[in-house]
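Enquirer: Just passing along the structure, written as structure tokens.
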Amino acid sequence: MLITKIIAKNFKTYRELDLDLTVNEEQPIILIGGENGGGKTTLFQAIYSALYGLKVKDEQHFNKLQNAGERAKNAGNSSNKIELEIHFTGKVLHSDYKYIIKRLYTLNAQNNPVEAVMLNLNGDVFNYGTATPHAERVKKEAEVNKIIKANLPQELSKYFLFDAMEAGNLLKDEYLNRVIKENIENVMGFNKYIQLGNATNTLTQEYIAQSIEIEEERTQYKNLLEEHKKYQDLIDATKVQYDRSLSYAMAQKDFYESAKEGKSLQANIKEQIQIVERKIDDILNKEILFIDQSEKFLNDIEIQVFIPKLITIVQNEIELILSEKSQQNNSDFIEPEHINKVSDKVLEFLAAYNLIKGELTAEQKIKLADYIIKKSGQNKNDTEYDFIDKNDITHFEQLLGWSSINQYNILEQQKSSLEKEIASLPNLKIQLLDLRKNDMGGGEEIIQSYDANELKIKEYKDAIKNYQSEIERLDTKIKRFDLSDEEVPNPKLEILKKLGPLFSNISNALLKNKKARIEEAMKNDLNTTLVVYENQIDRVVLSEDLSNLSFKIYHKAGNEIYLDELNAASKQIIIQVLLKSLHYFGDYNPPVMIDTVFGYLDESSRASLLENYFPKLSHQTILLSTDSEIRKSVDLSKIENFISKKFTLVRDKENQLTEVVEGYFPN
């Protein structure tokens, strides 16, 4: 995948953005400079949103997404809209395809946000939007999403479009192995085999249960499966508690270490209390907003569901009526009431000049109007729709123009996100309670709470280990029933028995096949970019079992280099080196876009990344930097030969917009 252009109109700080992002094969870097608040992160968001779409909640949210200067200039203008358009190329079966995705957002007559999407695939165009009939929209949306997913699935975008300041956080404490596991399973494409293996095992168990003829044994087998599921549920629940305790430990670790050293923490604790309180308030406010939106959806369900459905049913008939009336109007048809008015005016004229004597009777006037209609070739009964007047036509046109966004899908997405945040509330409240105690009681409270939490972490780990032992014991018993009648074998069951291990073997074989290359690539990159251990890394070791992935680094002296002992800059480098390896050996070939490129890095690490990392990172690398990160006088020369294009984002404070100029912070 190669991004060639991004267009953004009336989107946040951009009023008119049209940016060429093509690169040369030997010059894969695009360098984009900008001061803080200049529009770098918004450019990042524009690219992301053009690919995956904006989730516009309501009118207020729509207004916030608009360019402030444009919004002020066109206040009250219902034609305001936001446009995002991205051009990119990608390979399908070794052939290059050109894609254009355009997304248009506006407000309908009811001030609800609506979306229109256009995908141009090598000249073939797919269009759909909020007003598209549901079945047709689902089909076209699936086609567009399939194309995006083939180039860069949204769930993997965080590994290739990311903020370097956040990269190091992935290596905190015991989160690393989970990050490695998630990366390798998803980016390498192994997760599909894991999911197939799990589904196969479940189906195999159902077939085995059906094949057991003795009822007592069948009952015993089902009981074992239920007990197995019980322990698996316990593992899942304990892992949730374990993750919460880990999160708590991560949040409190700095306070704990400072308290152990006897440092005064009051100022830091008060600041942390405010941060946690804001997090809790934010989650609670989101919950209130979600409830309000859900109630509004239920109250307006006829608008959201029934009316669009009704329009779909009668659409063809309405279009036929409008077509007939339009043809009638285009054939110089004059309404009878207009003819009567013209007749009256003509009679007044004739009487005024004594061309007629006396006034015509009402009956004569009717005959005159009928005569005019007959002579003009009109017949008010030409169509079966002549009973429909102008007001009806206007209402029909408005009905066809009706567009109402189906909030159900948006609410479902919000619900999923909110449930995760609500699940973190108990931990945040405990953390807040401890912080308030610490604010009153000092460092001793911190030490006691942290130590107690460490004991919980150990208890959870032991509990998970014990539950897993029980599952292994049950697996042994369950396998005793894994016998089919040799005289009358069940073909489906026999195939399923082979498929389960096959999927597991495929995923582990793929990992083993790529493992050595990942390890070697990471070792070489770390020896050049990890300045604190430059040329001292002997090996990087990934485990061979996807079910228990681990990641370790060893010094040439033979000892393991413990990741949690490294500083923030070193952690950032390690995670970026990992992402580079996943980019090279994964199933996808997307561009890499990095905001705040240097994060926590010191002078030596900066130079190392510039010289050894960025030029070889991807076939297209977009770097967003301030002038204090990649400095013109010191750093720019190190990557100059690898840069295809340089731009600077300049903020126009008076007009509230960002403009793009050629060059990197030109004088």
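By convention in this document, the chains of the structure tokens carry letters A, B, ... by their order, each chain's residues are numbered from 1, and ligands are numbered from 1 in the order they are shown.
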Give me, as a tab-separated table, each residue of range 25-127 of chain A that comes within 12 Å of range 594-615 of chain A, together with its shortest interatomic pair and the distance in Å at one decimal, counting only C-alpha atoms, with rows ordered by chain and rising residue number.
Expert:
residue	atom	partner	partner_atom	distance
A:Glu25	CA	A:Pro615	CA	11.1
A:Glu26	CA	A:Pro615	CA	9.2
A:Gln27	CA	A:Pro615	CA	7.9
A:Pro28	CA	A:Pro615	CA	7.0
A:Ile29	CA	A:Pro615	CA	7.0
A:Ile30	CA	A:Pro615	CA	10.6
A:Leu31	CA	A:Ile594	CA	10.3
A:Ile32	CA	A:Asp595	CA	9.8
A:Gly33	CA	A:Thr596	CA	10.3
A:Gly34	CA	A:Thr596	CA	10.5
A:Glu35	CA	A:Thr596	CA	10.9
A:Asn36	CA	A:Thr596	CA	9.9
A:Gly39	CA	A:Asp595	CA	11.1
A:Lys40	CA	A:Asp595	CA	7.5
A:Thr41	CA	A:Asp595	CA	7.0
A:Thr42	CA	A:Asp595	CA	10.5
A:Leu43	CA	A:Asp595	CA	9.9
A:Phe44	CA	A:Asp595	CA	7.7
A:Gln45	CA	A:Asp595	CA	10.7
Enquirer: Those selected residues, please, written with N, CA and C atoms and delivered as an mmCIF file, in the first residue's frame.
Expert:
data_model
loop_
_atom_site.group_PDB
_atom_site.id
_atom_site.type_symbol
_atom_site.label_atom_id
_atom_site.label_comp_id
_atom_site.auth_asym_id
_atom_site.auth_seq_id
_atom_site.Cartn_x
_atom_site.Cartn_y
_atom_site.Cartn_z
ATOM 1 N N GLU A 25 11.279 5.293 -5.085
ATOM 2 C CA GLU A 25 11.700 4.021 -4.490
ATOM 3 C C GLU A 25 12.949 4.181 -3.633
ATOM 4 N N GLU A 26 13.895 5.022 -4.082
ATOM 5 C CA GLU A 26 15.146 5.220 -3.343
ATOM 6 C C GLU A 26 15.030 6.311 -2.287
ATOM 7 N N GLN A 27 13.885 7.005 -2.287
ATOM 8 C CA GLN A 27 13.669 8.090 -1.318
ATOM 9 C C GLN A 27 12.290 7.883 -0.674
ATOM 10 N N PRO A 28 12.198 6.997 0.312
ATOM 11 C CA PRO A 28 10.892 6.602 0.852
ATOM 12 C C PRO A 28 10.310 7.544 1.906
ATOM 13 N N ILE A 29 11.054 8.597 2.278
ATOM 14 C CA ILE A 29 10.617 9.436 3.405
ATOM 15 C C ILE A 29 9.930 10.704 2.912
ATOM 16 N N ILE A 30 8.814 11.030 3.576
ATOM 17 C CA ILE A 30 8.185 12.345 3.433
ATOM 18 C C ILE A 30 8.279 13.017 4.801
ATOM 19 N N LEU A 31 8.906 14.168 4.835
ATOM 20 C CA LEU A 31 9.117 14.884 6.092
ATOM 21 C C LEU A 31 8.168 16.068 6.157
ATOM 22 N N ILE A 32 7.352 16.100 7.193
ATOM 23 C CA ILE A 32 6.363 17.167 7.365
ATOM 24 C C ILE A 32 6.616 17.851 8.702
ATOM 25 N N GLY A 33 6.977 19.110 8.640
ATOM 26 C CA GLY A 33 7.266 19.868 9.853
ATOM 27 C C GLY A 33 6.095 20.725 10.281
ATOM 28 N N GLY A 34 6.109 21.098 11.523
ATOM 29 C CA GLY A 34 5.065 21.982 12.042
ATOM 30 C C GLY A 34 5.272 22.235 13.517
ATOM 31 N N GLU A 35 4.935 23.440 13.953
ATOM 32 C CA GLU A 35 5.034 23.748 15.377
ATOM 33 C C GLU A 35 3.914 23.036 16.132
ATOM 34 N N ASN A 36 4.027 22.988 17.446
ATOM 35 C CA ASN A 36 2.964 22.401 18.261
ATOM 36 C C ASN A 36 1.661 23.159 18.026
ATOM 37 N N GLY A 39 -1.076 21.520 13.264
ATOM 38 C CA GLY A 39 -1.908 20.687 12.404
ATOM 39 C C GLY A 39 -1.315 19.342 12.059
ATOM 40 N N LYS A 40 -0.200 18.951 12.722
ATOM 41 C CA LYS A 40 0.426 17.653 12.414
ATOM 42 C C LYS A 40 -0.490 16.501 12.813
ATOM 43 N N THR A 41 -0.990 16.540 14.034
ATOM 44 C CA THR A 41 -1.856 15.460 14.507
ATOM 45 C C THR A 41 -3.160 15.428 13.716
ATOM 46 N N THR A 42 -3.665 16.602 13.310
ATOM 47 C CA THR A 42 -4.894 16.651 12.509
ATOM 48 C C THR A 42 -4.666 16.040 11.134
ATOM 49 N N LEU A 43 -3.484 16.240 10.544
ATOM 50 C CA LEU A 43 -3.147 15.589 9.270
ATOM 51 C C LEU A 43 -3.157 14.072 9.458
ATOM 52 N N PHE A 44 -2.589 13.634 10.564
ATOM 53 C CA PHE A 44 -2.586 12.212 10.928
ATOM 54 C C PHE A 44 -4.028 11.693 10.991
ATOM 55 N N GLN A 45 -4.904 12.463 11.664
ATOM 56 C CA GLN A 45 -6.307 12.064 11.811
ATOM 57 C C GLN A 45 -7.041 12.075 10.472
#
Enquirer: Can you list, as a ChimeraX atom specification, every protein, DNA or RNA residue that comes within 10 Å of Asn63 in chain A when you count only C-alpha atoms, leaving out same-chain residues fewer than 6 positions away?
Expert: /A:11-12,56,71,80-82,106-107,113
Enquirer: Please compute the CA of Gln110 in chain A-CA of Leu17 in chain A distance, one decimal, in Å.
Expert: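 Value for the CA of Gln110 in chain A-CA of Leu17 in chain A distance: 29.2 Å.
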Enquirer: So how far away is CA of Phe62 in chain A from CA of Asn112 in chain A, in Å?
Expert: 9.1 Å
Enquirer: Do you have the CA of Lys345 in chain A-CA of Ile393 in chain A distance handy?
Expert: 28.3 Å
